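Shown below: input-v8.tsv, with TSV, C-alpha atoms and all ligand atoms.
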```
chain	number	residue	atom	x	y	z
A	1	MET	CA	73.89	227.21	-13.16
A	2	ALA	CA	71.15	229.64	-12.15
A	3	GLU	CA	68.71	230.64	-14.89
A	4	PRO	CA	68.39	234.41	-15.30
A	5	VAL	CA	65.27	235.57	-13.45
A	6	GLN	CA	62.43	236.33	-15.94
A	7	THR	CA	59.82	238.88	-14.91
A	8	PRO	CA	56.17	237.99	-15.55
A	9	HIS	CA	54.59	240.62	-17.78
A	10	ALA	CA	53.90	243.99	-16.13
A	11	PHE	CA	55.11	243.15	-12.63
A	12	PRO	CA	58.50	244.42	-11.48
A	13	THR	CA	60.82	241.68	-10.23
A	14	ARG	CA	60.54	241.21	-6.49
A	15	ILE	CA	61.68	238.21	-4.49
A	16	PHE	CA	59.90	236.98	-1.38
A	17	SER	CA	60.66	233.95	0.74
A	18	GLY	CA	60.17	232.72	4.28
A	19	ILE	CA	61.43	230.24	6.84
A	20	GLN	CA	59.57	228.96	9.87
A	21	PRO	CA	61.25	229.66	13.20
A	22	SER	CA	59.83	226.40	14.53
A	23	GLY	CA	63.21	224.97	15.51
A	24	GLY	CA	66.84	225.68	14.75
A	25	LEU	CA	67.80	226.12	11.10
A	26	THR	CA	69.32	223.08	9.39
A	27	LEU	CA	71.82	222.52	6.60
A	28	GLY	CA	68.74	221.80	4.42
A	29	ASN	CA	67.36	225.28	5.15
A	30	TYR	CA	70.78	226.77	4.49
A	31	LEU	CA	71.49	225.05	1.16
A	32	GLY	CA	67.89	224.91	-0.09
A	33	ALA	CA	66.94	228.43	0.91
A	34	LEU	CA	69.17	230.78	2.89
A	35	LYS	CA	72.31	230.52	0.76
A	36	ARG	CA	70.20	231.19	-2.30
A	37	PHE	CA	68.45	234.14	-0.59
A	38	VAL	CA	71.88	235.73	-0.18
A	39	GLU	CA	72.73	235.10	-3.85
A	40	LYS	CA	69.50	236.82	-4.97
A	41	GLN	CA	70.22	239.79	-2.71
A	42	ASP	CA	73.74	240.02	-4.08
A	43	GLU	CA	72.41	240.03	-7.66
A	44	GLY	CA	70.84	243.38	-6.72
A	45	ILE	CA	67.21	242.22	-6.96
A	46	GLU	CA	64.67	243.60	-4.44
A	47	THR	CA	64.46	240.90	-1.76
A	48	VAL	CA	61.94	240.49	1.07
A	49	TYR	CA	62.66	237.75	3.62
A	50	CYS	CA	60.35	236.75	6.43
A	51	LEU	CA	60.53	234.66	9.59
A	52	VAL	CA	57.07	233.17	9.45
A	53	ASP	CA	56.14	232.99	13.12
A	54	MET	CA	52.42	232.73	12.30
A	55	HIS	CA	53.10	229.61	10.24
A	56	ALA	CA	55.12	228.19	13.13
A	57	ILE	CA	52.15	228.23	15.53
A	58	THR	CA	50.10	225.93	13.28
A	59	VAL	CA	51.72	223.30	15.50
A	60	TRP	CA	52.32	223.90	19.23
A	61	GLN	CA	55.20	226.25	20.05
A	62	ASP	CA	56.41	227.09	23.52
A	63	PRO	CA	56.17	230.93	23.64
A	64	VAL	CA	59.60	231.48	25.21
A	65	ARG	CA	61.27	229.15	22.72
A	66	LEU	CA	59.40	230.65	19.76
A	67	ARG	CA	60.77	234.10	20.56
A	68	GLN	CA	64.27	232.66	21.02
A	69	GLN	CA	64.10	230.67	17.77
A	70	THR	CA	62.82	233.68	15.83
A	71	ARG	CA	65.75	235.79	17.03
A	72	GLU	CA	68.17	232.94	16.37
A	73	ALA	CA	66.85	232.51	12.83
A	74	ALA	CA	67.21	236.27	12.25
A	75	ALA	CA	70.80	236.05	13.52
A	76	GLY	CA	71.35	233.07	11.19
A	77	PHE	CA	70.09	235.06	8.20
A	78	ILE	CA	72.40	237.97	8.96
A	79	ALA	CA	75.36	235.69	9.72
A	80	ALA	CA	74.82	233.91	6.40
A	81	GLY	CA	75.02	237.20	4.50
A	82	ILE	CA	71.58	238.80	4.52
A	83	ASP	CA	72.19	242.53	4.88
A	84	PRO	CA	69.18	244.19	6.55
A	85	ALA	CA	69.99	247.41	4.71
A	86	ARG	CA	69.69	245.72	1.29
A	87	SER	CA	67.07	243.03	2.01
A	88	ILE	CA	63.90	243.56	4.00
A	89	LEU	CA	64.12	241.15	6.98
A	90	PHE	CA	61.26	240.87	9.47
A	91	ASN	CA	58.96	238.54	11.36
A	92	GLN	CA	55.55	237.92	9.85
A	93	SER	CA	53.30	238.80	12.81
A	94	GLN	CA	54.55	242.40	12.84
A	95	VAL	CA	53.02	243.04	9.40
A	96	HIS	CA	49.26	242.65	9.62
A	97	ALA	CA	48.73	242.49	5.85
A	98	HIS	CA	49.69	238.78	5.94
A	99	ALA	CA	46.82	237.75	8.22
A	100	GLU	CA	44.34	240.05	6.47
A	101	LEU	CA	45.11	238.81	2.98
A	102	ALA	CA	45.16	235.22	4.23
A	103	TRP	CA	41.50	235.58	5.22
A	104	ILE	CA	40.57	236.84	1.76
A	105	PHE	CA	42.48	233.89	0.27
A	106	ASN	CA	40.68	231.46	2.59
A	107	CYS	CA	37.59	232.61	0.71
A	108	VAL	CA	39.24	232.21	-2.72
A	109	ALA	CA	40.95	228.82	-2.27
A	110	ARG	CA	38.72	225.77	-2.63
A	111	MET	CA	38.51	222.94	-0.10
A	112	GLY	CA	39.40	220.46	-2.83
A	113	TRP	CA	42.65	222.29	-3.59
A	114	MET	CA	43.63	222.40	0.06
A	115	SER	CA	42.77	218.73	0.59
A	116	ARG	CA	45.30	217.75	-2.05
A	117	MET	CA	48.26	219.33	-0.23
A	118	THR	CA	50.67	216.46	0.44
A	119	GLN	CA	52.52	218.31	3.20
A	120	PHE	CA	49.28	218.61	5.19
A	121	LYS	CA	48.59	214.90	4.71
A	122	ASP	CA	52.15	214.06	5.80
A	123	LYS	CA	52.05	216.32	8.85
A	124	ALA	CA	48.52	215.42	9.94
A	125	GLY	CA	48.97	211.71	9.23
A	126	LYS	CA	46.31	209.60	10.94
A	127	ASN	CA	45.67	212.47	13.33
A	128	SER	CA	43.84	214.77	10.90
A	129	GLU	CA	40.80	215.25	13.20
A	130	ASN	CA	43.04	216.59	15.91
A	131	VAL	CA	45.43	219.00	14.15
A	132	SER	CA	44.77	222.75	14.10
A	133	LEU	CA	42.58	224.40	11.49
A	134	GLY	CA	45.59	226.66	10.89
A	135	LEU	CA	47.65	223.70	9.68
A	136	PHE	CA	45.03	223.02	7.00
A	137	ALA	CA	44.74	226.69	5.98
A	138	TYR	CA	48.53	227.19	6.08
A	139	PRO	CA	49.09	227.26	2.28
A	140	ALA	CA	46.57	230.13	1.92
A	141	LEU	CA	48.60	232.14	4.45
A	142	MET	CA	51.72	231.28	2.47
A	143	ALA	CA	50.09	232.63	-0.72
A	144	ALA	CA	49.19	235.77	1.21
A	145	ASP	CA	52.83	236.18	2.33
A	146	ILE	CA	53.95	236.16	-1.28
A	147	LEU	CA	51.14	238.12	-2.90
A	148	ALA	CA	50.97	240.87	-0.24
A	149	TYR	CA	54.18	242.01	-1.97
A	150	LYS	CA	53.14	241.00	-5.50
A	151	ALA	CA	56.34	238.96	-5.43
A	152	THR	CA	57.26	237.61	-8.86
A	153	HIS	CA	59.82	234.99	-7.75
A	154	VAL	CA	60.10	232.75	-4.70
A	155	PRO	CA	63.30	230.80	-4.05
A	156	VAL	CA	62.49	227.63	-2.09
A	157	GLY	CA	63.50	224.01	-1.68
A	158	GLU	CA	61.79	221.24	-3.63
A	159	ASP	CA	59.31	220.47	-0.80
A	160	GLN	CA	57.50	223.81	-1.26
A	161	LYS	CA	56.70	223.30	-4.94
A	162	GLN	CA	53.09	222.23	-4.46
A	163	HIS	CA	52.39	225.18	-2.14
A	164	LEU	CA	53.68	227.54	-4.82
A	165	GLU	CA	51.41	225.94	-7.41
A	166	LEU	CA	48.53	226.65	-5.05
A	167	CYS	CA	49.70	230.27	-4.75
A	168	ARG	CA	49.53	230.56	-8.54
A	169	ASP	CA	46.03	229.02	-8.57
A	170	ILE	CA	44.85	231.48	-5.91
A	171	ALA	CA	46.30	234.47	-7.80
A	172	ALA	CA	44.72	233.32	-11.08
A	173	LYS	CA	41.32	232.68	-9.47
A	174	PHE	CA	41.35	236.07	-7.72
A	175	ASN	CA	42.27	237.85	-10.97
A	176	ASN	CA	39.62	235.91	-12.85
A	177	ASP	CA	36.81	236.23	-10.27
A	178	PHE	CA	37.21	240.01	-10.06
A	179	GLY	CA	38.20	240.61	-13.69
A	180	VAL	CA	41.54	242.19	-12.82
A	181	ASN	CA	45.21	241.64	-13.59
A	182	PHE	CA	46.14	242.46	-10.02
A	183	PHE	CA	48.34	239.60	-8.78
A	184	PRO	CA	51.34	238.17	-10.65
A	185	ILE	CA	51.47	234.44	-11.35
A	186	THR	CA	54.53	233.92	-9.19
A	187	GLU	CA	57.42	231.75	-10.39
A	188	PRO	CA	59.00	229.24	-8.00
A	189	VAL	CA	62.79	229.34	-8.16
A	190	ILE	CA	64.07	225.85	-7.32
A	191	GLU	CA	67.64	225.58	-8.56
A	192	GLY	CA	71.00	224.09	-7.67
A	193	ALA	CA	72.19	220.91	-5.97
A	194	GLY	CA	70.82	221.72	-2.51
A	195	THR	CA	67.08	221.95	-3.14
A	196	ARG	CA	66.41	218.58	-1.53
A	197	VAL	CA	68.92	217.77	1.21
A	198	MET	CA	68.11	214.39	2.73
A	199	SER	CA	68.45	213.00	6.25
A	200	LEU	CA	71.94	211.75	7.16
A	201	ARG	CA	70.33	208.58	8.59
A	202	ASP	CA	67.96	207.80	5.70
A	203	GLY	CA	68.58	209.03	2.17
A	204	THR	CA	64.89	208.72	1.27
A	205	LYS	CA	63.71	211.18	3.95
A	206	LYS	CA	64.09	214.98	3.87
A	207	MET	CA	66.51	216.54	6.36
A	208	SER	CA	64.16	218.27	8.78
A	209	LYS	CA	64.25	220.28	11.99
A	210	SER	CA	61.37	218.17	13.27
A	211	ASP	CA	63.10	214.76	12.83
A	212	PRO	CA	63.36	213.18	16.31
A	213	SER	CA	66.99	212.14	15.62
A	214	ASP	CA	69.50	214.98	15.93
A	215	GLN	CA	72.00	212.75	14.07
A	216	SER	CA	69.80	213.04	10.97
A	217	ARG	CA	70.63	216.70	10.44
A	218	ILE	CA	73.27	219.38	10.74
A	219	ASN	CA	72.02	222.39	12.69
A	220	LEU	CA	73.26	225.91	12.16
A	221	THR	CA	74.10	225.87	15.89
A	222	ASP	CA	76.35	222.75	15.67
A	223	ASP	CA	80.03	223.35	16.36
A	224	ALA	CA	82.83	222.10	14.09
A	225	ASP	CA	83.32	218.83	16.06
A	226	MET	CA	79.64	218.02	15.94
A	227	ILE	CA	79.40	218.70	12.19
A	228	ALA	CA	82.39	216.46	11.49
A	229	LYS	CA	81.05	213.68	13.75
A	230	LYS	CA	77.61	213.71	12.14
A	231	ILE	CA	79.06	213.52	8.63
A	232	LYS	CA	81.45	210.72	9.54
A	233	LYS	CA	78.55	208.76	11.06
A	234	ALA	CA	76.21	209.43	8.11
A	235	LYS	CA	74.68	206.32	6.58
A	236	THR	CA	76.38	205.23	3.32
A	237	ASP	CA	77.07	202.06	1.39
A	238	ALA	CA	80.22	200.05	0.79
A	239	GLU	CA	80.79	201.01	-2.87
A	240	PRO	CA	83.32	203.62	-4.01
A	241	LEU	CA	82.05	206.76	-5.76
A	242	PRO	CA	81.38	206.28	-9.48
A	243	SER	CA	82.70	208.63	-12.15
A	244	GLU	CA	79.21	209.37	-13.58
A	245	LEU	CA	76.01	210.37	-11.78
A	246	ASP	CA	74.13	207.39	-13.27
A	247	GLY	CA	76.13	205.22	-10.90
A	248	LEU	CA	74.31	206.84	-7.94
A	249	ALA	CA	70.80	206.10	-9.20
A	250	ASP	CA	69.98	203.47	-6.55
A	251	ARG	CA	72.23	204.86	-3.83
A	252	PRO	CA	70.18	207.60	-2.10
A	253	GLU	CA	72.59	208.14	0.81
A	254	ALA	CA	75.63	208.40	-1.47
A	255	ARG	CA	73.74	210.69	-3.82
A	256	ASN	CA	72.78	212.91	-0.86
A	257	LEU	CA	76.38	213.35	0.31
A	258	VAL	CA	77.47	214.17	-3.25
A	259	ASN	CA	74.67	216.75	-3.54
A	260	ILE	CA	75.61	218.32	-0.20
A	261	TYR	CA	79.26	218.50	-1.29
A	262	ALA	CA	78.24	220.10	-4.59
A	263	ALA	CA	75.95	222.68	-2.97
A	264	LEU	CA	78.58	223.62	-0.38
A	265	ALA	CA	81.38	223.87	-2.94
A	266	GLY	CA	79.34	225.65	-5.62
A	267	MET	CA	79.90	222.73	-8.01
A	268	THR	CA	77.50	220.49	-9.92
A	269	PRO	CA	77.03	216.92	-8.61
A	270	ALA	CA	78.52	215.67	-11.92
A	271	GLU	CA	81.71	217.66	-11.26
A	272	VAL	CA	81.93	216.23	-7.74
A	273	VAL	CA	81.78	212.60	-8.88
A	274	ARG	CA	84.26	213.29	-11.64
A	275	GLU	CA	86.69	214.77	-9.12
A	276	HIS	CA	86.18	212.00	-6.51
A	277	ALA	CA	85.65	209.00	-8.83
A	278	GLY	CA	86.85	205.80	-7.15
A	279	SER	CA	87.04	207.35	-3.65
A	280	GLN	CA	85.75	205.30	-0.74
A	281	PHE	CA	83.57	207.02	1.83
A	282	GLY	CA	86.49	206.64	4.25
A	283	SER	CA	88.18	209.47	2.36
A	284	PHE	CA	85.18	211.29	0.86
A	285	LYS	CA	83.49	211.84	4.22
A	286	PRO	CA	86.46	213.63	5.83
A	287	ALA	CA	86.75	215.84	2.72
A	288	LEU	CA	83.04	216.64	3.01
A	289	ALA	CA	83.34	217.26	6.76
A	290	ASP	CA	86.21	219.72	6.20
A	291	LEU	CA	84.25	221.54	3.52
A	292	ALA	CA	81.08	221.70	5.67
A	293	VAL	CA	83.03	223.01	8.66
A	294	SER	CA	84.80	225.63	6.56
A	295	VAL	CA	81.46	226.94	5.23
A	296	MET	CA	79.24	226.54	8.30
A	297	SER	CA	81.52	227.35	11.24
A	298	PRO	CA	82.01	231.04	10.43
A	299	ILE	CA	78.23	231.39	10.15
A	300	THR	CA	77.67	229.66	13.52
A	301	THR	CA	80.30	231.83	15.20
A	302	GLU	CA	78.79	235.03	13.82
A	303	MET	CA	75.28	233.89	14.73
A	304	ASN	CA	76.35	233.29	18.33
A	305	ARG	CA	77.97	236.73	18.44
A	306	LEU	CA	74.81	238.42	17.12
A	307	MET	CA	72.70	236.57	19.70
A	308	GLN	CA	74.59	238.43	22.45
A	309	ASP	CA	72.53	241.51	21.58
A	310	VAL	CA	68.88	240.54	21.13
A	311	THR	CA	67.75	244.16	21.47
A	312	GLU	CA	69.58	244.91	18.25
A	313	ILE	CA	68.00	241.87	16.54
A	314	ASP	CA	64.53	243.04	17.63
A	315	ARG	CA	65.34	246.53	16.33
A	316	ILE	CA	66.35	245.13	12.93
A	317	LEU	CA	63.14	243.06	12.72
A	318	GLY	CA	61.02	246.08	13.66
A	319	ALA	CA	62.69	248.31	11.08
A	320	GLY	CA	62.29	245.56	8.44
A	321	ALA	CA	58.59	245.20	9.36
A	322	GLU	CA	58.04	248.92	8.78
A	323	ARG	CA	59.57	248.70	5.32
A	324	ALA	CA	57.55	245.56	4.56
A	325	ASP	CA	54.35	247.22	5.75
A	326	ALA	CA	54.97	250.20	3.46
A	327	ILE	CA	54.83	247.81	0.47
A	328	ALA	CA	52.09	245.46	1.64
A	329	ARG	CA	49.58	247.94	3.16
A	330	PRO	CA	48.62	249.69	-0.10
A	331	ILE	CA	48.38	246.33	-1.89
A	332	VAL	CA	45.99	244.92	0.71
A	333	ASN	CA	43.99	248.17	0.70
A	334	ASP	CA	43.58	247.77	-3.06
A	335	VAL	CA	42.41	244.20	-2.47
A	336	TYR	CA	39.70	245.46	-0.08
A	337	ASP	CA	38.56	247.92	-2.74
A	338	ILE	CA	38.50	245.22	-5.43
A	339	VAL	CA	36.54	242.85	-3.20
A	340	GLY	CA	33.96	245.51	-2.26
A	341	MET	CA	34.78	246.39	1.35
A	342	ILE	CA	34.04	249.92	2.58
A	343	ARG	CA	37.17	251.74	3.82
A	344	SER	CA	36.02	255.00	5.33
A	345	ARG	CA	38.46	255.70	8.14
B	401	LIG	P1	60.41	225.65	6.05
B	401	LIG	O1	60.51	226.55	7.23
B	401	LIG	O2	60.04	224.23	6.27
B	401	LIG	O3	61.75	225.68	5.24
B	401	LIG	C1	62.33	226.91	4.82
B	401	LIG	C2	63.00	226.76	3.47
B	401	LIG	O4	64.01	225.74	3.54
B	401	LIG	C3	63.77	224.77	2.54
B	401	LIG	N1	64.12	223.45	3.07
B	401	LIG	C4	64.94	222.60	2.44
B	401	LIG	N2	65.61	222.71	1.28
B	401	LIG	C5	66.38	221.66	0.92
B	401	LIG	N3	66.49	220.53	1.66
B	401	LIG	C6	65.84	220.38	2.83
B	401	LIG	N4	65.97	219.27	3.55
B	401	LIG	C7	65.01	221.46	3.27
B	401	LIG	N5	64.22	221.66	4.36
B	401	LIG	C8	63.69	222.88	4.21
B	401	LIG	C9	62.28	224.85	2.24
B	401	LIG	O5	61.97	224.35	0.96
B	401	LIG	C10	62.03	226.34	2.36
B	401	LIG	O6	62.38	227.00	1.16
B	401	LIG	N6	56.01	226.97	4.13
B	401	LIG	C11	57.40	227.31	4.20
B	401	LIG	C12	57.69	228.70	4.75
B	401	LIG	C13	56.94	229.80	4.07
B	401	LIG	C14	57.26	230.36	2.81
B	401	LIG	C15	56.30	231.40	2.61
B	401	LIG	C16	58.23	230.08	1.85
B	401	LIG	C17	55.89	230.49	4.56
B	401	LIG	N7	55.50	231.43	3.70
B	401	LIG	C18	56.30	232.15	1.44
B	401	LIG	C19	58.22	230.86	0.67
B	401	LIG	C20	57.27	231.87	0.49
B	401	LIG	C21	58.10	226.30	5.10
B	401	LIG	O7	57.49	225.68	5.93
B	401	LIG	O8	59.43	226.30	4.95
```

Turn the structure described in the file into structure tokens.
Amino acid sequence: MAEPVQTPHAFPTRIFSGIQPSGGLTLGNYLGALKRFVEKQDEGIETVYCLVDMHAITVWQDPVRLRQQTREAAAGFIAAGIDPARSILFNQSQVHAHAELAWIFNCVARMGWMSRMTQFKDKAGKNSENVSLGLFAYPALMAADILAYKATHVPVGEDQKQHLELCRDIAAKFNNDFGVNFFPITEPVIEGAGTRVMSLRDGTKKMSKSDPSDQSRINLTDDADMIAKKIKKAKTDAEPLPSELDGLADRPEARNLVNIYAALAGMTPAEVVREHAGSQFGSFKPALADLAVSVMSPITTEMNRLMQDVTEIDRILGAGAERADAIARPIVNDVYDIVGMIRSR
């Protein structure tokens, strides 16, 4: 169960998180992030959620598709339960504080820290001479996203853990260099069964919007038939489900389907195996498919309905950006003062 959110000393609790609109949203994004964003909002905490379009362009994005994907992601957020009146929902590029603070953080973060980022190494691979400078600097922009709001808690999936450690290092170094207690040391919030949803084709690889195989993931745009087909075709093994989680230790694909079931049903993985002990995948997969369809299909339908009116989506993002700017602008102005920049206009 979720731990109660603890507030670091002297900073009021504020949640920030972001998703890249670099492709359609996946079940991984939904279970690892979006579903949990809605839970935080519904707990009555101040929540700021951002479609990070400036992160997306660290790899090539077709401009027409980027705009479409940003609107679709916004529709997905609202369809999943984000209420733009209660949460602040906007796209990053409309709030200039992110880019401004990112530059300051480029001058705080050390090359050695950045070079250790495993996600950069994974994404750049053997091609590191040829990727954008933005891809390397990306985690400093991510720290700026969070700290422009002095956010105290950031719900994310497991894969973002190292980036959040870097955010804490940047905040601590800034505070220390300038002798201030200005930025909070933000807490990552990585909880529940869905923080690492794996590919349906390979239980050792993360489910990702950039995987070349569409069969590897469930997209928020997939219809009920497609969701059911993908789950029924998911890679598994020939053993029945055990009654204890230990029995899944060397069975990554089986473990993944149990985790997905648990996250969708609001159960723990241990409860799922207890309930389905002895089941073959021939019966567990249809049960999982039914559950996934019952949770995801209403979201997809609502998302498609919202996409009929993109003017309204753009209006919501603009209004969210104004509210975000009202928080972030004074914080970044204070940063300029701390750093020693003249502000005389
Ligand atoms: P992104 O766009 O890759 O993913 C968005 C969120 O979804 C989670 N996620 C997953 N969770 C479980 N299983 C998966 N297979 C899976 N795939 C993705 C991610 O952990 C993330 O929480 N750098 C970030 C975006 C970002 C951000 C921020 C996040 C930019 N600025 C500030 C938090 C705070 C990213 O690329 O996420």

Please identify all polymer residues within 12 Å of A:Lys206, counting only C-alpha atoms, omitting same-chain residues fewer than 6 positions from it, and present them as a PDB file with C-alpha atoms, keeping the file's coordinate frame.
```pdb
ATOM      1  CA  THR A  26      69.320 223.080   9.390  1.00  0.00           C
ATOM      2  CA  LEU A  27      71.820 222.520   6.600  1.00  0.00           C
ATOM      3  CA  GLY A  28      68.740 221.800   4.420  1.00  0.00           C
ATOM      4  CA  ASN A  29      67.360 225.280   5.150  1.00  0.00           C
ATOM      5  CA  GLY A  32      67.890 224.910  -0.090  1.00  0.00           C
ATOM      6  CA  GLY A 157      63.500 224.010  -1.680  1.00  0.00           C
ATOM      7  CA  GLU A 158      61.790 221.240  -3.630  1.00  0.00           C
ATOM      8  CA  ASP A 159      59.310 220.470  -0.800  1.00  0.00           C
ATOM      9  CA  GLY A 194      70.820 221.720  -2.510  1.00  0.00           C
ATOM     10  CA  THR A 195      67.080 221.950  -3.140  1.00  0.00           C
ATOM     11  CA  ARG A 196      66.410 218.580  -1.530  1.00  0.00           C
ATOM     12  CA  VAL A 197      68.920 217.770   1.210  1.00  0.00           C
ATOM     13  CA  MET A 198      68.110 214.390   2.730  1.00  0.00           C
ATOM     14  CA  SER A 199      68.450 213.000   6.250  1.00  0.00           C
ATOM     15  CA  LEU A 200      71.940 211.750   7.160  1.00  0.00           C
ATOM     16  CA  SER A 216      69.800 213.040  10.970  1.00  0.00           C
ATOM     17  CA  ARG A 217      70.630 216.700  10.440  1.00  0.00           C
ATOM     18  CA  PRO A 252      70.180 207.600  -2.100  1.00  0.00           C
ATOM     19  CA  GLU A 253      72.590 208.140   0.810  1.00  0.00           C
ATOM     20  CA  ASN A 256      72.780 212.910  -0.860  1.00  0.00           C
TER      21      ASN A 256
END
```

List the neighbours of A:Gln94 out to 8 Å using only C-alpha atoms; skip same-chain residues closer than 4 positions along the sequence, and give me the result as a VMD selection string. chain A and resid 90 318 321

Can those selected residues be exported to a file as a compact mmCIF listing (two decimals), keeping the file's coordinate frame so that it contains C-alpha atoms?
```
# COMPACT_ATOMS: atom_id res chain seq x y z
CA PHE A 90 61.26 240.87 9.47
CA GLY A 318 61.02 246.08 13.66
CA ALA A 321 58.59 245.20 9.36
```

State, in Å with one decimal place, the distance from atom CA of A:Ala265 to atom O2 of ligand LIG 401 (chain B).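 The value is 23.2 Å.
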
I want to know what sits within 9 Å of A:Asp237, based on all atoms listed in the file, with residues of the same chain fewer than 5 positions away left out; could you give that as a list in words?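 These residues fall inside the cut-off: Arg251, Glu253, Ala254 and Phe281 of chain A.
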
Among A:Ser283, A:Thr70, A:Ser87, A:Ser17, ligand LIG 401 (chain B) is approached most closely, using only C-alpha atoms and all ligand atoms, by A:Ser17

Using only C-alpha atoms, which of A:Gln215, A:Asn181, A:Thr301, A:Thr152 sits nearest A:Ala234? A:Gln215

Select, from A:His163, A:Lys173, A:Lys150, A:Lys121, the residue with the minimum atom-to-atom distance to A:Cys107, counting all atoms listed in the file. A:Lys173

Proximity to ligand LIG 401 (chain B) - best of A:Ile15, A:Ala97, A:Val295, A:Ala326, all atoms listed in the file: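 Of A:Ile15, A:Ala97, A:Val295, A:Ala326, the one nearest ligand LIG 401 (chain B), counting all atoms listed in the file, is A:Ile15.
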
Could you give me, as a VMD selection string, the residues within 10 Å of A:Ile313, counting all atoms listed in the file and dropping anything in the same chain fewer than 6 positions from it? chain A and resid 70 to 72 74 to 75 78 90 306 to 307 319

Measure the distance from atom C16 of ligand LIG 401 (chain B) to atom CA of A:Asp309 in Å and round it to one decimal.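 Interatomic distance, atom C16 of ligand LIG 401 (chain B) to atom CA of A:Asp309: 26.9 Å.
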
Nearest to ligand LIG 401 (chain B) among A:Glu100, A:Asp53, A:Asp122, A:Glu129, with distances taken over all atoms listed in the file: which residue is it?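 Of A:Glu100, A:Asp53, A:Asp122, A:Glu129, the one nearest ligand LIG 401 (chain B), counting all atoms listed in the file, is A:Asp53.
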
To one decimal in Å, tell me the separation between atom CA of A:Ile190 and atom CA of A:Lys161.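 Answer for the atom CA of A:Ile190 to atom CA of A:Lys161 separation: 8.2 Å.
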
As JSON, what would the box around stretch 93-101 of chain A look like: edges along x, y and z, 8 Å added on every side, centre and edge lengths in Å to one decimal?
```
{"center_x": 49.4, "center_y": 240.4, "center_z": 7.9, "size_x": 26.2, "size_y": 21.3, "size_z": 25.9}
```

Counting all atoms listed in the file, figure out which residue out of A:Pro63, A:Pro212, A:Gly18, A:Pro139 gets nearest to ligand LIG 401 (chain B). A:Gly18

Spatial neighbours of A:Ala292, max dist 10 Å, all atoms listed in the file, sep filter under 6 positions, as a PDB file with C-alpha atoms, in the coordinates of the input:
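Result file follows (part.pdb):
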```pdb
ATOM      1  CA  LEU A  27      71.820 222.520   6.600  1.00  0.00           C
ATOM      2  CA  ILE A 218      73.270 219.380  10.740  1.00  0.00           C
ATOM      3  CA  ALA A 224      82.830 222.100  14.090  1.00  0.00           C
ATOM      4  CA  ILE A 227      79.400 218.700  12.190  1.00  0.00           C
ATOM      5  CA  ALA A 228      82.390 216.460  11.490  1.00  0.00           C
ATOM      6  CA  ILE A 231      79.060 213.520   8.630  1.00  0.00           C
ATOM      7  CA  ILE A 260      75.610 218.320  -0.200  1.00  0.00           C
ATOM      8  CA  TYR A 261      79.260 218.500  -1.290  1.00  0.00           C
ATOM      9  CA  LEU A 264      78.580 223.620  -0.380  1.00  0.00           C
ATOM     10  CA  ALA A 265      81.380 223.870  -2.940  1.00  0.00           C
ATOM     11  CA  PRO A 286      86.460 213.630   5.830  1.00  0.00           C
TER      12      PRO A 286
END
```

Do you have, as CSV, the list of residues of stretch 156-246 of chain A lying at most 12 Å from stretch 330-337 of chain A, each with its nearest atom pair and that distance in Å to one decimal, counting all atoms listed in the file and ordered by chain then number?
```
residue,atom,partner,partner_atom,distance
A:Ala171,CA,A:Val335,CA,11.8
A:Phe174,CA,A:Val335,CA,9.7
A:Asn175,CA,A:Val335,CA,10.6
A:Phe178,CA,A:Val335,CA,10.1
A:Val180,CA,A:Val335,CA,10.6
A:Asn181,CA,A:Val335,CA,11.7
A:Phe182,CA,A:Val335,CA,8.6
A:Phe183,CA,A:Ile331,CA,9.6
```

Take the point (47.3, 233.2, 0.3) in the file's coordinates, draw a sphere of radius 12 Å around it, and report as a compact mmCIF listing (two decimals) with C-alpha atoms, in the coordinates of the input every protein, DNA or RNA residue with an atom inside or on it, counting all atoms listed in the file.
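Dumped to point34.txt:
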```txt
# COMPACT_ATOMS: atom_id res chain seq x y z
CA ALA A 97 48.73 242.49 5.85
CA HIS A 98 49.69 238.78 5.94
CA ALA A 99 46.82 237.75 8.22
CA GLU A 100 44.34 240.05 6.47
CA LEU A 101 45.11 238.81 2.98
CA ALA A 102 45.16 235.22 4.23
CA TRP A 103 41.50 235.58 5.22
CA ILE A 104 40.57 236.84 1.76
CA PHE A 105 42.48 233.89 0.27
CA ASN A 106 40.68 231.46 2.59
CA CYS A 107 37.59 232.61 0.71
CA VAL A 108 39.24 232.21 -2.72
CA ALA A 109 40.95 228.82 -2.27
CA ARG A 110 38.72 225.77 -2.63
CA MET A 114 43.63 222.40 0.06
CA ALA A 137 44.74 226.69 5.98
CA TYR A 138 48.53 227.19 6.08
CA PRO A 139 49.09 227.26 2.28
CA ALA A 140 46.57 230.13 1.92
CA LEU A 141 48.60 232.14 4.45
CA MET A 142 51.72 231.28 2.47
CA ALA A 143 50.09 232.63 -0.72
CA ALA A 144 49.19 235.77 1.21
CA ASP A 145 52.83 236.18 2.33
CA ILE A 146 53.95 236.16 -1.28
CA LEU A 147 51.14 238.12 -2.90
CA ALA A 148 50.97 240.87 -0.24
CA TYR A 149 54.18 242.01 -1.97
CA LYS A 150 53.14 241.00 -5.50
CA HIS A 163 52.39 225.18 -2.14
CA LEU A 164 53.68 227.54 -4.82
CA GLU A 165 51.41 225.94 -7.41
CA LEU A 166 48.53 226.65 -5.05
CA CYS A 167 49.70 230.27 -4.75
CA ARG A 168 49.53 230.56 -8.54
CA ASP A 169 46.03 229.02 -8.57
CA ILE A 170 44.85 231.48 -5.91
CA ALA A 171 46.30 234.47 -7.80
CA ALA A 172 44.72 233.32 -11.08
CA LYS A 173 41.32 232.68 -9.47
CA PHE A 174 41.35 236.07 -7.72
CA PHE A 183 48.34 239.60 -8.78
CA THR A 186 54.53 233.92 -9.19
CA VAL A 332 45.99 244.92 0.71
```
